[in-house]
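File shown here: entry21.cif, holding mmCIF, C-alpha atoms.
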data_run
loop_
_atom_site.group_PDB
_atom_site.id
_atom_site.type_symbol
_atom_site.label_atom_id
_atom_site.label_comp_id
_atom_site.auth_asym_id
_atom_site.auth_seq_id
_atom_site.Cartn_x
_atom_site.Cartn_y
_atom_site.Cartn_z
ATOM 1 C CA MET A 13 -8.164 42.966 -9.520
ATOM 2 C CA ASN A 14 -5.583 40.982 -11.433
ATOM 3 C CA ASP A 15 -7.093 38.252 -13.679
ATOM 4 C CA THR A 16 -4.338 35.763 -12.958
ATOM 5 C CA SER A 17 -4.175 36.151 -9.211
ATOM 6 C CA PRO A 18 -3.565 33.052 -7.067
ATOM 7 C CA ASP A 19 -7.207 33.188 -5.927
ATOM 8 C CA ARG A 20 -8.423 32.981 -9.476
ATOM 9 C CA THR A 21 -5.960 30.172 -10.212
ATOM 10 C CA GLU A 22 -7.234 28.273 -7.191
ATOM 11 C CA ARG A 23 -10.833 28.693 -8.320
ATOM 12 C CA GLU A 24 -10.057 27.645 -11.890
ATOM 13 C CA LEU A 25 -8.020 24.719 -10.640
ATOM 14 C CA GLY A 26 -10.923 23.538 -8.489
ATOM 15 C CA GLU A 27 -13.290 23.755 -11.475
ATOM 16 C CA ALA A 28 -10.876 21.974 -13.797
ATOM 17 C CA LEU A 29 -10.269 19.177 -11.284
ATOM 18 C CA ALA A 30 -14.003 18.760 -10.700
ATOM 19 C CA ALA A 31 -14.670 18.654 -14.448
ATOM 20 C CA LEU A 32 -11.928 16.082 -14.978
ATOM 21 C CA ALA A 33 -13.120 13.967 -12.046
ATOM 22 C CA ASP A 34 -16.724 13.992 -13.306
ATOM 23 C CA GLY A 35 -15.596 12.253 -16.470
ATOM 24 C CA VAL A 36 -14.154 9.303 -14.546
ATOM 25 C CA ARG A 37 -16.471 6.335 -14.027
ATOM 26 C CA GLY A 38 -15.636 3.000 -12.483
ATOM 27 C CA ALA A 39 -16.298 -0.192 -14.436
ATOM 28 C CA PRO A 40 -19.503 -1.994 -13.332
ATOM 29 C CA ASP A 41 -17.655 -5.266 -12.713
ATOM 30 C CA ALA A 42 -14.768 -3.592 -10.874
ATOM 31 C CA TYR A 43 -15.624 -5.249 -7.553
ATOM 32 C CA SER A 44 -15.833 -8.777 -8.887
ATOM 33 C CA THR A 45 -12.605 -8.346 -10.866
ATOM 34 C CA ALA A 46 -10.748 -6.857 -7.921
ATOM 35 C CA ARG A 47 -12.102 -9.429 -5.453
ATOM 36 C CA GLY A 48 -11.098 -12.306 -7.699
ATOM 37 C CA ASP A 49 -7.603 -10.853 -7.832
ATOM 38 C CA TRP A 50 -7.410 -10.410 -4.021
ATOM 39 C CA LEU A 51 -8.538 -13.972 -3.378
ATOM 40 C CA ARG A 52 -6.060 -15.337 -5.919
ATOM 41 C CA ARG A 53 -3.203 -13.349 -4.416
ATOM 42 C CA GLU A 54 -4.200 -14.274 -0.878
ATOM 43 C CA ARG A 55 -4.280 -17.978 -1.802
ATOM 44 C CA ARG A 56 -0.882 -17.698 -3.455
ATOM 45 C CA ARG A 57 0.534 -15.836 -0.451
ATOM 46 C CA ARG A 58 -0.689 -18.525 1.961
ATOM 47 C CA LEU A 59 0.638 -21.271 -0.295
ATOM 48 C CA VAL A 60 4.075 -19.632 -0.490
ATOM 49 C CA LEU A 61 4.058 -19.181 3.288
ATOM 50 C CA ALA A 62 3.130 -22.839 3.868
ATOM 51 C CA VAL A 63 5.839 -24.035 1.474
ATOM 52 C CA LEU A 64 8.388 -21.780 3.169
ATOM 53 C CA ILE A 65 7.487 -23.102 6.616
ATOM 54 C CA ALA A 66 7.668 -26.693 5.371
ATOM 55 C CA VAL A 67 11.089 -26.081 3.790
ATOM 56 C CA VAL A 68 12.469 -24.449 6.957
ATOM 57 C CA PHE A 69 11.082 -27.251 9.156
ATOM 58 C CA THR A 70 12.519 -29.948 6.897
ATOM 59 C CA LEU A 71 15.900 -28.251 6.732
ATOM 60 C CA ALA A 72 16.031 -27.829 10.504
ATOM 61 C CA THR A 73 15.137 -31.512 10.987
ATOM 62 C CA LEU A 74 17.740 -32.679 8.485
ATOM 63 C CA ILE A 75 20.448 -30.483 10.006
ATOM 64 C CA GLY A 76 19.582 -31.753 13.485
ATOM 65 C CA LEU A 77 19.740 -35.378 12.345
ATOM 66 C CA TRP A 78 23.049 -34.782 10.609
ATOM 67 C CA VAL A 79 24.562 -33.147 13.706
ATOM 68 C CA LEU A 80 23.408 -36.025 15.907
ATOM 69 C CA ASN A 81 24.859 -38.464 13.422
ATOM 70 C CA GLN A 82 28.274 -36.774 13.639
ATOM 71 C CA THR A 83 28.731 -37.404 17.393
ATOM 72 C CA PRO A 84 31.371 -40.089 18.234
ATOM 73 C CA SER A 85 29.895 -43.483 18.927
ATOM 74 C CA ASP A 86 32.524 -44.550 21.548
ATOM 75 C CA ARG A 87 31.866 -44.037 25.269
ATOM 76 C CA GLY A 88 32.839 -40.709 26.793
ATOM 77 C CA VAL A 89 35.007 -40.196 29.904
ATOM 78 C CA ILE A 90 32.564 -38.208 31.979
ATOM 79 C CA PHE A 91 30.014 -40.906 32.628
ATOM 80 C CA SER A 92 32.282 -43.907 32.330
ATOM 81 C CA GLY A 93 31.419 -44.980 35.890
ATOM 82 C CA ALA A 94 34.705 -46.886 36.258
ATOM 83 C CA GLY A 95 36.188 -47.047 39.786
ATOM 84 C CA SER A 96 33.421 -45.346 41.714
ATOM 85 C CA THR A 97 30.353 -46.716 43.391
ATOM 86 C CA SER A 98 29.633 -43.954 45.946
ATOM 87 C CA GLY A 99 28.797 -41.177 43.557
ATOM 88 C CA VAL A 100 32.316 -39.607 43.659
ATOM 89 C CA LEU A 101 33.634 -39.786 40.159
ATOM 90 C CA ALA A 102 37.239 -40.540 39.445
ATOM 91 C CA SER A 103 39.134 -37.703 37.873
ATOM 92 C CA LEU A 104 42.524 -37.262 36.332
ATOM 93 C CA PRO A 105 45.358 -35.937 38.534
ATOM 94 C CA ARG A 106 45.538 -32.167 38.369
ATOM 95 C CA THR A 107 48.583 -29.934 38.478
ATOM 96 C CA LEU A 108 48.535 -27.398 41.311
ATOM 97 C CA PRO A 109 50.453 -24.103 41.225
ATOM 98 C CA GLY A 110 54.038 -24.730 42.365
ATOM 99 C CA CYS A 111 54.019 -28.365 41.387
ATOM 100 C CA LEU A 112 55.657 -29.414 38.159
ATOM 101 C CA VAL A 113 54.261 -32.890 38.489
ATOM 102 C CA PRO A 114 50.871 -33.861 39.823
ATOM 103 C CA CYS A 115 50.997 -33.397 43.582
ATOM 104 C CA ALA A 116 49.890 -36.234 45.771
ATOM 105 C CA SER A 117 47.531 -33.983 47.767
ATOM 106 C CA ALA A 118 45.605 -33.058 44.647
ATOM 107 C CA VAL A 119 44.598 -36.615 43.902
ATOM 108 C CA MET B 23 -23.121 -7.638 11.579
ATOM 109 C CA ARG B 24 -21.498 -5.569 14.298
ATOM 110 C CA HIS B 25 -18.339 -3.543 13.804
ATOM 111 C CA ARG B 26 -15.442 -3.534 16.271
ATOM 112 C CA SER B 27 -16.497 -0.176 17.658
ATOM 113 C CA GLY B 28 -19.860 -1.658 18.609
ATOM 114 C CA ILE B 29 -21.844 0.271 15.996
ATOM 115 C CA PRO B 30 -23.991 -1.944 13.773
ATOM 116 C CA VAL B 31 -22.796 -1.780 10.195
ATOM 117 C CA PRO B 32 -25.173 -2.775 7.385
ATOM 118 C CA VAL B 33 -23.707 -5.355 5.080
ATOM 119 C CA PRO B 34 -23.971 -4.264 1.440
ATOM 120 C CA GLN B 35 -24.728 -6.747 -1.269
ATOM 121 C CA PRO B 36 -21.939 -6.794 -3.853
ATOM 122 C CA ALA B 37 -22.818 -6.748 -7.528
ATOM 123 C CA VAL B 38 -21.668 -10.354 -7.976
ATOM 124 C CA PRO B 39 -22.634 -13.036 -5.438
ATOM 125 C CA ALA B 40 -19.694 -14.064 -3.297
ATOM 126 C CA GLU B 41 -20.338 -17.791 -3.772
ATOM 127 C CA ALA B 42 -19.849 -17.363 -7.504
ATOM 128 C CA LEU B 43 -16.295 -16.189 -6.945
ATOM 129 C CA ALA B 44 -14.971 -18.252 -4.074
ATOM 130 C CA PRO B 45 -15.893 -21.089 -1.768
ATOM 131 C CA ALA B 46 -18.071 -20.260 1.237
ATOM 132 C CA ILE B 47 -16.251 -18.494 4.076
ATOM 133 C CA ASP B 48 -16.521 -20.390 7.351
ATOM 134 C CA ASP B 49 -14.481 -18.073 9.570
ATOM 135 C CA PRO B 50 -16.668 -15.240 10.975
ATOM 136 C CA ALA B 51 -13.649 -12.901 10.992
ATOM 137 C CA ASP B 52 -13.136 -13.534 7.277
ATOM 138 C CA ALA B 53 -16.822 -12.956 6.618
ATOM 139 C CA GLU B 54 -16.632 -9.656 8.509
ATOM 140 C CA ARG B 55 -13.599 -8.648 6.493
ATOM 141 C CA GLU B 56 -15.293 -9.513 3.211
ATOM 142 C CA ALA B 57 -18.368 -7.499 4.139
ATOM 143 C CA GLY B 58 -16.297 -4.548 5.390
ATOM 144 C CA VAL B 59 -14.150 -4.376 2.283
ATOM 145 C CA ALA B 60 -17.232 -4.728 0.063
ATOM 146 C CA ARG B 61 -18.834 -1.804 1.865
ATOM 147 C CA LEU B 62 -15.672 0.286 1.529
ATOM 148 C CA PHE B 63 -15.545 -0.573 -2.146
ATOM 149 C CA GLU B 64 -19.104 0.551 -2.662
ATOM 150 C CA LEU B 65 -18.550 3.798 -0.760
ATOM 151 C CA HIS B 66 -15.115 4.884 -1.902
ATOM 152 C CA TYR B 67 -14.147 3.120 -5.126
ATOM 153 C CA THR B 68 -15.175 5.892 -7.534
ATOM 154 C CA PRO B 69 -13.693 8.758 -5.440
ATOM 155 C CA MET B 70 -10.426 6.818 -5.117
ATOM 156 C CA LEU B 71 -10.405 6.124 -8.858
ATOM 157 C CA ARG B 72 -10.918 9.832 -9.510
ATOM 158 C CA LEU B 73 -8.166 10.715 -7.057
ATOM 159 C CA ALA B 74 -5.765 8.382 -8.861
ATOM 160 C CA VAL B 75 -6.676 9.944 -12.216
ATOM 161 C CA LEU B 76 -6.222 13.484 -10.893
ATOM 162 C CA LEU B 77 -2.873 12.561 -9.371
ATOM 163 C CA GLY B 78 -1.755 11.448 -12.823
ATOM 164 C CA ALA B 79 -1.798 7.653 -12.568
ATOM 165 C CA ASP B 80 -1.656 6.012 -15.988
ATOM 166 C CA ASP B 81 -3.486 2.882 -14.732
ATOM 167 C CA PRO B 82 -5.818 4.160 -11.994
ATOM 168 C CA GLU B 83 -7.870 0.932 -11.813
ATOM 169 C CA ASN B 84 -4.800 -1.098 -10.891
ATOM 170 C CA VAL B 85 -3.625 1.493 -8.387
ATOM 171 C CA VAL B 86 -6.994 1.529 -6.609
ATOM 172 C CA ALA B 87 -7.340 -2.271 -6.731
ATOM 173 C CA GLU B 88 -3.892 -2.565 -5.143
ATOM 174 C CA ALA B 89 -4.879 -0.074 -2.440
ATOM 175 C CA TYR B 90 -7.967 -2.162 -1.640
ATOM 176 C CA TYR B 91 -5.862 -5.322 -1.529
ATOM 177 C CA GLN B 92 -3.568 -3.635 1.012
ATOM 178 C CA ILE B 93 -6.542 -2.808 3.201
ATOM 179 C CA TYR B 94 -7.948 -6.330 2.676
ATOM 180 C CA ARG B 95 -4.707 -7.794 4.049
ATOM 181 C CA ARG B 96 -4.464 -5.407 6.992
ATOM 182 C CA TRP B 97 -8.158 -5.430 7.868
ATOM 183 C CA ARG B 98 -7.705 -6.796 11.391
ATOM 184 C CA ARG B 99 -5.376 -3.929 12.298
ATOM 185 C CA LEU B 100 -7.837 -1.289 11.138
ATOM 186 C CA ARG B 101 -9.519 0.890 13.775
ATOM 187 C CA ASP B 102 -12.745 2.035 12.054
ATOM 188 C CA THR B 103 -14.298 3.020 8.745
ATOM 189 C CA ALA B 104 -13.047 6.607 8.913
ATOM 190 C CA ALA B 105 -9.515 5.301 9.394
ATOM 191 C CA ALA B 106 -10.068 3.016 6.414
ATOM 192 C CA GLU B 107 -10.918 5.944 4.150
ATOM 193 C CA ALA B 108 -7.842 7.898 5.246
ATOM 194 C CA TYR B 109 -5.713 4.784 4.855
ATOM 195 C CA LEU B 110 -7.058 4.190 1.351
ATOM 196 C CA ARG B 111 -6.402 7.807 0.365
ATOM 197 C CA SER B 112 -2.862 7.652 1.673
ATOM 198 C CA THR B 113 -2.222 4.336 -0.074
ATOM 199 C CA VAL B 114 -3.552 5.639 -3.383
ATOM 200 C CA CYS B 115 -1.263 8.695 -3.072
ATOM 201 C CA ASN B 116 1.760 6.537 -2.290
ATOM 202 C CA LEU B 117 1.074 3.988 -5.017
ATOM 203 C CA THR B 118 0.477 6.703 -7.615
ATOM 204 C CA ARG B 119 3.705 8.449 -6.615
ATOM 205 C CA MET B 120 5.622 5.179 -6.884
ATOM 206 C CA ARG B 121 4.022 4.440 -10.256
ATOM 207 C CA ILE B 122 4.865 7.901 -11.610
ATOM 208 C CA ARG B 123 8.443 7.590 -10.353
ATOM 209 C CA HIS B 124 8.721 4.209 -12.040
ATOM 210 C CA LEU B 125 7.369 5.640 -15.305
ATOM 211 C CA GLN B 126 9.771 8.573 -15.127
ATOM 212 C CA MET B 127 12.674 6.162 -14.758
ATOM 213 C CA ALA B 128 11.361 4.008 -17.600
ATOM 214 C CA ARG B 129 10.908 7.031 -19.868
ATOM 215 C CA LYS B 130 14.547 7.973 -19.448
ATOM 216 C CA HIS B 131 15.381 4.794 -21.301
ATOM 217 C CA ALA B 132 12.512 4.640 -23.772
ATOM 218 C CA VAL B 133 10.448 6.919 -25.986
ATOM 219 C CA ARG B 134 6.901 7.597 -24.730
ATOM 220 C CA SER B 135 4.493 5.245 -26.459
ATOM 221 C CA PRO B 136 1.629 6.710 -28.558
ATOM 222 C CA ASP B 137 -0.908 4.715 -26.486
ATOM 223 C CA GLU B 138 -0.013 6.656 -23.335
ATOM 224 C CA MET B 139 -0.459 9.969 -25.120
ATOM 225 C CA VAL B 140 -3.857 8.885 -26.480
ATOM 226 C CA ALA B 141 -4.992 7.767 -23.014
ATOM 227 C CA SER B 142 -3.874 11.077 -21.526
ATOM 228 C CA ALA B 143 -5.680 13.047 -24.241
ATOM 229 C CA GLU B 144 -8.884 11.012 -23.790
ATOM 230 C CA SER B 145 -9.128 11.832 -20.114
ATOM 231 C CA THR B 146 -9.002 15.587 -20.797
ATOM 232 C CA ALA B 147 -11.118 15.572 -23.971
ATOM 233 C CA LEU B 148 -14.229 16.914 -22.245
ATOM 234 C CA LEU B 149 -12.466 19.909 -20.693
ATOM 235 C CA ARG B 150 -12.417 23.461 -22.000
ATOM 236 C CA ASP B 151 -9.161 24.739 -23.508
ATOM 237 C CA ASP B 152 -8.180 26.756 -20.441
ATOM 238 C CA GLN B 153 -9.002 23.837 -18.132
ATOM 239 C CA ARG B 154 -7.000 21.466 -20.300
ATOM 240 C CA ALA B 155 -4.038 23.841 -20.208
ATOM 241 C CA LEU B 156 -4.324 24.079 -16.443
ATOM 242 C CA ILE B 157 -4.468 20.292 -16.046
ATOM 243 C CA ASP B 158 -1.491 19.866 -18.392
ATOM 244 C CA THR B 159 0.483 22.367 -16.328
ATOM 245 C CA LEU B 160 -0.595 20.594 -13.138
ATOM 246 C CA ARG B 161 0.749 17.312 -14.524
ATOM 247 C CA GLN B 162 4.116 18.916 -15.139
ATOM 248 C CA LEU B 163 4.477 20.020 -11.526
ATOM 249 C CA PRO B 164 6.584 17.965 -9.106
ATOM 250 C CA THR B 165 4.613 15.044 -7.679
ATOM 251 C CA ARG B 166 4.386 16.422 -4.141
ATOM 252 C CA GLN B 167 3.047 19.775 -5.313
ATOM 253 C CA ARG B 168 0.474 18.059 -7.524
ATOM 254 C CA GLU B 169 -0.656 15.810 -4.678
ATOM 255 C CA ALA B 170 -1.003 18.718 -2.279
ATOM 256 C CA LEU B 171 -3.004 20.754 -4.799
ATOM 257 C CA VAL B 172 -5.356 17.894 -5.699
ATOM 258 C CA LEU B 173 -5.993 16.967 -2.071
ATOM 259 C CA ARG B 174 -6.558 20.608 -1.161
ATOM 260 C CA HIS B 175 -8.601 21.865 -4.123
ATOM 261 C CA TRP B 176 -10.473 18.752 -5.185
ATOM 262 C CA LEU B 177 -11.023 16.846 -1.968
ATOM 263 C CA GLY B 178 -11.019 20.045 0.115
ATOM 264 C CA LEU B 179 -8.943 18.455 2.877
ATOM 265 C CA LYS B 180 -7.420 20.408 5.737
ATOM 266 C CA GLU B 181 -3.660 20.798 5.958
ATOM 267 C CA SER B 182 -3.389 18.254 8.765
ATOM 268 C CA GLU B 183 -5.348 15.687 6.710
ATOM 269 C CA ILE B 184 -3.215 16.345 3.635
ATOM 270 C CA ALA B 185 -0.098 15.984 5.762
ATOM 271 C CA ALA B 186 -1.357 12.636 7.081
ATOM 272 C CA ALA B 187 -2.208 11.414 3.581
ATOM 273 C CA MET B 188 1.149 12.447 2.155
ATOM 274 C CA GLY B 189 3.220 11.485 5.186
ATOM 275 C CA ILE B 190 4.780 14.944 5.559
ATOM 276 C CA SER B 191 4.481 17.854 7.999
ATOM 277 C CA PRO B 192 1.718 20.496 7.741
ATOM 278 C CA GLY B 193 4.416 23.112 7.102
ATOM 279 C CA SER B 194 5.609 21.185 4.062
ATOM 280 C CA VAL B 195 2.017 20.952 2.824
ATOM 281 C CA LYS B 196 1.758 24.735 3.025
ATOM 282 C CA THR B 197 5.013 25.107 1.102
ATOM 283 C CA HIS B 198 4.042 22.626 -1.621
ATOM 284 C CA THR B 199 0.600 24.206 -2.050
ATOM 285 C CA ALA B 200 1.978 27.750 -2.277
ATOM 286 C CA ARG B 201 4.692 26.777 -4.749
ATOM 287 C CA GLY B 202 2.245 24.790 -6.856
ATOM 288 C CA ILE B 203 -0.258 27.637 -7.052
ATOM 289 C CA ALA B 204 2.540 30.099 -7.864
ATOM 290 C CA ALA B 205 3.770 27.850 -10.681
ATOM 291 C CA LEU B 206 0.253 27.448 -12.080
ATOM 292 C CA THR B 207 -0.416 31.197 -11.896
ATOM 293 C CA GLN B 208 2.850 31.910 -13.669
ATOM 294 C CA ALA B 209 2.047 29.372 -16.391
ATOM 295 C CA MET B 210 -1.431 30.847 -16.898
ATOM 296 C CA GLU B 211 0.026 34.345 -17.134
ATOM 297 C CA ALA B 212 2.563 33.191 -19.696
ATOM 298 C CA ARG B 213 -0.208 31.574 -21.723
ATOM 299 C CA LYS B 214 -2.159 34.849 -22.067
#

Can the structure from this file be put into structure tokens for me?
Amino acid sequence: MNDTSPDRTERELGEALAALADGVRGAPDAYSTARGDWLRRERRRRLVLAVLIAVVFTLATLIGLWVLNQTPSDRGVIFSGAGSTSGVLASLPRTLPGCLVPCASAV
Amino acid sequence: MRHRSGIPVPVPQPAVPAEALAPAIDDPADAEREAGVARLFELHYTPMLRLAVLLGADDPENVVAEAYYQIYRRWRRLRDTAAAEAYLRSTVCNLTRMRIRHLQMARKHAVRSPDEMVASAESTALLRDDQRALIDTLRQLPTRQREALVLRHWLGLKESEIAAAMGISPGSVKTHTARGIAALTQAMEARK
């Protein structure tokens, strides 16, 4: 049998990996160190999230207020209420097809 | 404490009391998560650390701590403890691969520091000459081949489990394993 066959390589590899792994030991305070880091990162993540939400909410509110402030302050034509008391609103004369000027029947 | 699957899970006592590290946890879900992660840490920390070392991570403690943080964040989406172990293994593989890729990019622009070489030599100091040569050759293999070989020959996983951990198909696992073993055999032959 060949000394350097894949089977032998596999066996030697398994032994070498096991020997290398046996030399690895975790630090005794690994859990407390890691947990402190998780809690710190989690707190920071929640803080960043809260700040982000607050910024978005404030921006949305400010933009909404600005848009409302831009609307014209004079009265509009739709709900003027002039000339109608029976619920039928007055409208401007419309041009019908075939009429160059507003037709009387359209009014 | 009772796990989601309905099986009672004993709560381990961590080495350092929780109240010494953080304020008391009022939410029962948070308390369950803390206990679950502590138990996982106790069960799997050393094997995961060893896996990171064998995969060639230069800072295995950070890699494993990051993997545990990932599982700490996604705890509510976890199915059971067995899924947690597989998830941890997969995360350690991915993080180590990303770390190695980052180092390879960094080394293209900088000379390897003496500290890294010392750290690498320390980890293999207890091995025999032939084992050290084999491990050195393993570290020179492409990352995927090295991962497949470590998961197969150290953890003894099946192809389907290796495929799940590496995020590739079982056929690719077979290919990576065969190529890796062939490269190692060739290197050992050349050494003799």

Exercise for the section: Could you list the residues in chain A lying within 12 Å of chain B, using all atoms listed in the file, and format the result as a PyMOL selection string? Expected result: chain A and resi 14-55+57-58

Problem - Straight-line distance linking CA of His198 (chain B) with CA of Leu110 (chain B), stated in Å to one decimal - result: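 Taking CA of His198 (chain B) as the start and CA of Leu110 (chain B) as the end point, the length is 21.7 Å.
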
Exercise for the section: Tell me, in Å to one decimal, how far CA of Leu71 (chain A) is from CA of Leu59 (chain A). Expected result: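 About the pair CA of Leu71 (chain A) and CA of Leu59 (chain A): they are 18.2 Å apart.
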
Practice task
Spell out the residues picked by the PyMOL selection byres ((chain B and resi 167) around 8) here, as JSON, numbers by chain.
Solution key: {"B": [163, 164, 165, 166, 168, 169, 170, 171, 198, 199, 201, 202]}

Find the residues near region 115-127 of chain B: any atom within 8 Å, counting all atoms listed in the file, skip ones fewer than 2 places away on the same chain, and give them as a JSON list (two decimals) with C-alpha atoms, keeping the file's coordinate frame.
[["chain", "number", "residue", "atom", "x", "y", "z"],
["B", 74, "ALA", "CA", -5.76, 8.38, -8.86],
["B", 77, "LEU", "CA", -2.87, 12.56, -9.37],
["B", 78, "GLY", "CA", -1.76, 11.45, -12.82],
["B", 79, "ALA", "CA", -1.80, 7.65, -12.57],
["B", 85, "VAL", "CA", -3.62, 1.49, -8.39],
["B", 89, "ALA", "CA", -4.88, -0.07, -2.44],
["B", 111, "ARG", "CA", -6.40, 7.81, 0.36],
["B", 112, "SER", "CA", -2.86, 7.65, 1.67],
["B", 113, "THR", "CA", -2.22, 4.34, -0.07],
["B", 129, "ARG", "CA", 10.91, 7.03, -19.87],
["B", 130, "LYS", "CA", 14.55, 7.97, -19.45],
["B", 131, "HIS", "CA", 15.38, 4.79, -21.30],
["B", 165, "THR", "CA", 4.61, 15.04, -7.68],
["B", 169, "GLU", "CA", -0.66, 15.81, -4.68],
["B", 187, "ALA", "CA", -2.21, 11.41, 3.58],
["B", 188, "MET", "CA", 1.15, 12.45, 2.15]]

Incomplete region 29-40 of chain A brought to N, CA, C and O atoms, written out as a CSV table (one decimal), in the frame of the given file:
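Written output follows (out_19.csv):
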chain,number,residue,atom,x,y,z
A,29,LEU,N,-10.4,20.5,-11.9
A,29,LEU,CA,-10.3,19.2,-11.3
A,29,LEU,C,-11.6,18.5,-11.2
A,29,LEU,O,-11.8,17.3,-11.4
A,30,ALA,N,-12.6,19.3,-10.8
A,30,ALA,CA,-14.0,18.8,-10.7
A,30,ALA,C,-14.5,18.3,-12.1
A,30,ALA,O,-15.1,17.2,-12.2
A,31,ALA,N,-14.2,19.1,-13.1
A,31,ALA,CA,-14.7,18.7,-14.4
A,31,ALA,C,-14.0,17.4,-14.9
A,31,ALA,O,-14.6,16.5,-15.5
A,32,LEU,N,-12.7,17.3,-14.6
A,32,LEU,CA,-11.9,16.1,-15.0
A,32,LEU,C,-12.4,14.9,-14.2
A,32,LEU,O,-12.6,13.8,-14.7
A,33,ALA,N,-12.7,15.1,-12.9
A,33,ALA,CA,-13.1,14.0,-12.0
A,33,ALA,C,-14.5,13.5,-12.5
A,33,ALA,O,-14.8,12.3,-12.4
A,34,ASP,N,-15.4,14.4,-12.9
A,34,ASP,CA,-16.7,14.0,-13.3
A,34,ASP,C,-16.7,13.0,-14.5
A,34,ASP,O,-17.7,12.3,-14.7
A,35,GLY,N,-15.7,13.1,-15.3
A,35,GLY,CA,-15.6,12.3,-16.5
A,35,GLY,C,-15.1,10.9,-16.2
A,35,GLY,O,-15.1,10.0,-17.0
A,36,VAL,N,-14.7,10.6,-14.9
A,36,VAL,CA,-14.2,9.3,-14.5
A,36,VAL,C,-15.3,8.4,-14.0
A,36,VAL,O,-15.9,8.8,-13.0
A,37,ARG,N,-15.5,7.3,-14.5
A,37,ARG,CA,-16.5,6.3,-14.0
A,37,ARG,C,-15.8,5.0,-13.8
A,37,ARG,O,-15.0,4.5,-14.7
A,38,GLY,N,-16.2,4.3,-12.7
A,38,GLY,CA,-15.6,3.0,-12.5
A,38,GLY,C,-16.4,2.0,-13.3
A,38,GLY,O,-17.5,2.1,-13.7
A,39,ALA,N,-15.7,0.9,-13.7
A,39,ALA,CA,-16.3,-0.2,-14.4
A,39,ALA,C,-17.3,-0.9,-13.6
A,39,ALA,O,-17.1,-1.0,-12.4
A,40,PRO,N,-18.5,-1.3,-14.1
A,40,PRO,CA,-19.5,-2.0,-13.3
A,40,PRO,C,-19.0,-3.3,-12.6
A,40,PRO,O,-19.5,-3.6,-11.6
